[in-house]
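See below for the structure under consideration.
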Amino acid sequence: MTAFRNEPLQVERDETEAERIDRNFNELLGELRVALPGVQVLFAFLLTVPFAQGFTSLTQFERDLYLVVLLLTALASALLMAPTAYHRVLFRRGYKPQILFFANRAAMTGLGVLALAMTGAILLIAHVIFGEAASIVVAICSGIVFALLWYLLPWARGRGSEPDF
């Protein structure tokens, strides 16, 4: 079972440096196409919440938390869309490696902010429905799941190998 080995599978490709950068950038854009709809749905939902019946009955903590989650979601959207704008401005100027470097950093940061926003949204909803104690437990568990799946497992798997940008 080679899929479960600890060492990375080294695939030799017959490509130039420019082709490798193009491939890496296209792979990153494909990944962003998966992440963006989720953040957009969350953001759209959050934009409608203040107009829903019952919003005025939220506690001050819940309103403050709502604003933080809304702002985190907006920031995640900006970070996850930034590679497209960055590329659009610089794509014909010969900065493809720098575009890829920035796009990778923006995507990683955007996913981290999205994880915070989703954890905050879960905290808010659980707080409204179940109260303080249960919401804290649920939010901590949610944050651990995001950290584990999105960062810790990939980091552990790739530890010791050279980064690709």
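Residues are named by chain letter and number: chains run A, B, ... in the order of the structure tokens, numbers start at 1 in each chain, and ligands are numbered from 1 in the order shown.
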Need the shell around Tyr66 (chain A): protein/DNA/RNA residues with any atom at most 10 Å away, counting only C-alpha atoms. Skip same-chain ones fewer than 2 positions apart. Format as an mmCIF file with C-alpha atoms, in the first residue's frame?
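What follows is the written file part25.cif:
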```
data_model
loop_
_atom_site.group_PDB
_atom_site.id
_atom_site.type_symbol
_atom_site.label_atom_id
_atom_site.label_comp_id
_atom_site.auth_asym_id
_atom_site.auth_seq_id
_atom_site.Cartn_x
_atom_site.Cartn_y
_atom_site.Cartn_z
ATOM 1 C CA LEU A 46 -24.249 36.478 7.739
ATOM 2 C CA VAL A 49 -28.904 37.695 9.850
ATOM 3 C CA PRO A 50 -29.491 41.261 11.130
ATOM 4 C CA LEU A 58 -29.414 38.792 20.964
ATOM 5 C CA GLN A 60 -24.469 42.236 23.545
ATOM 6 C CA PHE A 61 -21.905 39.412 23.550
ATOM 7 C CA GLU A 62 -23.758 37.654 20.722
ATOM 8 C CA ARG A 63 -23.971 40.869 18.692
ATOM 9 C CA ASP A 64 -20.270 41.538 19.206
ATOM 10 C CA VAL A 68 -16.367 39.612 14.607
ATOM 11 C CA VAL A 69 -17.549 36.598 12.586
ATOM 12 C CA LEU A 70 -18.857 38.875 9.813
ATOM 13 C CA LEU A 71 -15.535 40.733 9.628
ATOM 14 C CA LEU A 72 -13.504 37.502 9.706
ATOM 15 C CA ALA A 117 -14.880 32.610 11.092
ATOM 16 C CA GLY A 120 -16.977 31.792 15.545
ATOM 17 C CA ALA A 121 -20.210 31.175 13.636
ATOM 18 C CA LEU A 123 -19.884 29.482 18.711
ATOM 19 C CA LEU A 124 -22.536 32.109 18.006
ATOM 20 C CA ILE A 125 -25.214 29.654 16.933
#
```
**Request:** Give the answer as one residue: which of A:Val138, A:Thr59, A:Ala103, A:Phe45 has the shortest atom-to-atom distance to Glu31 (chain A), using only C-alpha atoms?
**Result:**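 Going through A:Val138, A:Thr59, A:Ala103, A:Phe45 one by one, the smallest distance to Glu31 (chain A) is for A:Ala103.
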**Interatomic distance, CA of Leu111 (chain A) to CA of Pro37 (chain A) (Å, one decimal)** =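 Interatomic distance here is 12.6 Å.
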**Request:** Figure out the distance between CA of Glu27 (chain A) and CA of Gly158 (chain A), please, to one decimal in Å.
**Result:**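 Pair CA of Gly158 (chain A) / CA of Glu27 (chain A) returns 17.7 Å.
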**Message:** What's the separation between CA of Leu75 (chain A) and CA of Gly110 (chain A), in Å to one decimal place?
**Reply:**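 CA of Gly110 (chain A) lies at a distance of 7.4 Å from CA of Leu75 (chain A).
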**Item:** Using only C-alpha atoms: which of A:Met118, A:Ala156, A:Ile129, A:Leu32 has the shortest distance to Cys141 (chain A)
**Value:**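 Answer, going by the shortest atom-to-atom distance: A:Met118.
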**Counting only C-alpha atoms, the option among A:Ala115, A:Leu65, A:Leu100, A:Leu152 closest to Gly38 (chain A)** =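 Counting only C-alpha atoms, the residue closest to Gly38 (chain A) is A:Ala115.
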**Prompt:** Which of these, A:Ile144, A:Ala74, A:Phe25, A:Val41, has the shortest distance to Phe102 (chain A) once you count only C-alpha atoms?
**Reply:**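 Using only C-alpha atoms, the shortest distance to Phe102 (chain A) belongs to A:Phe25.
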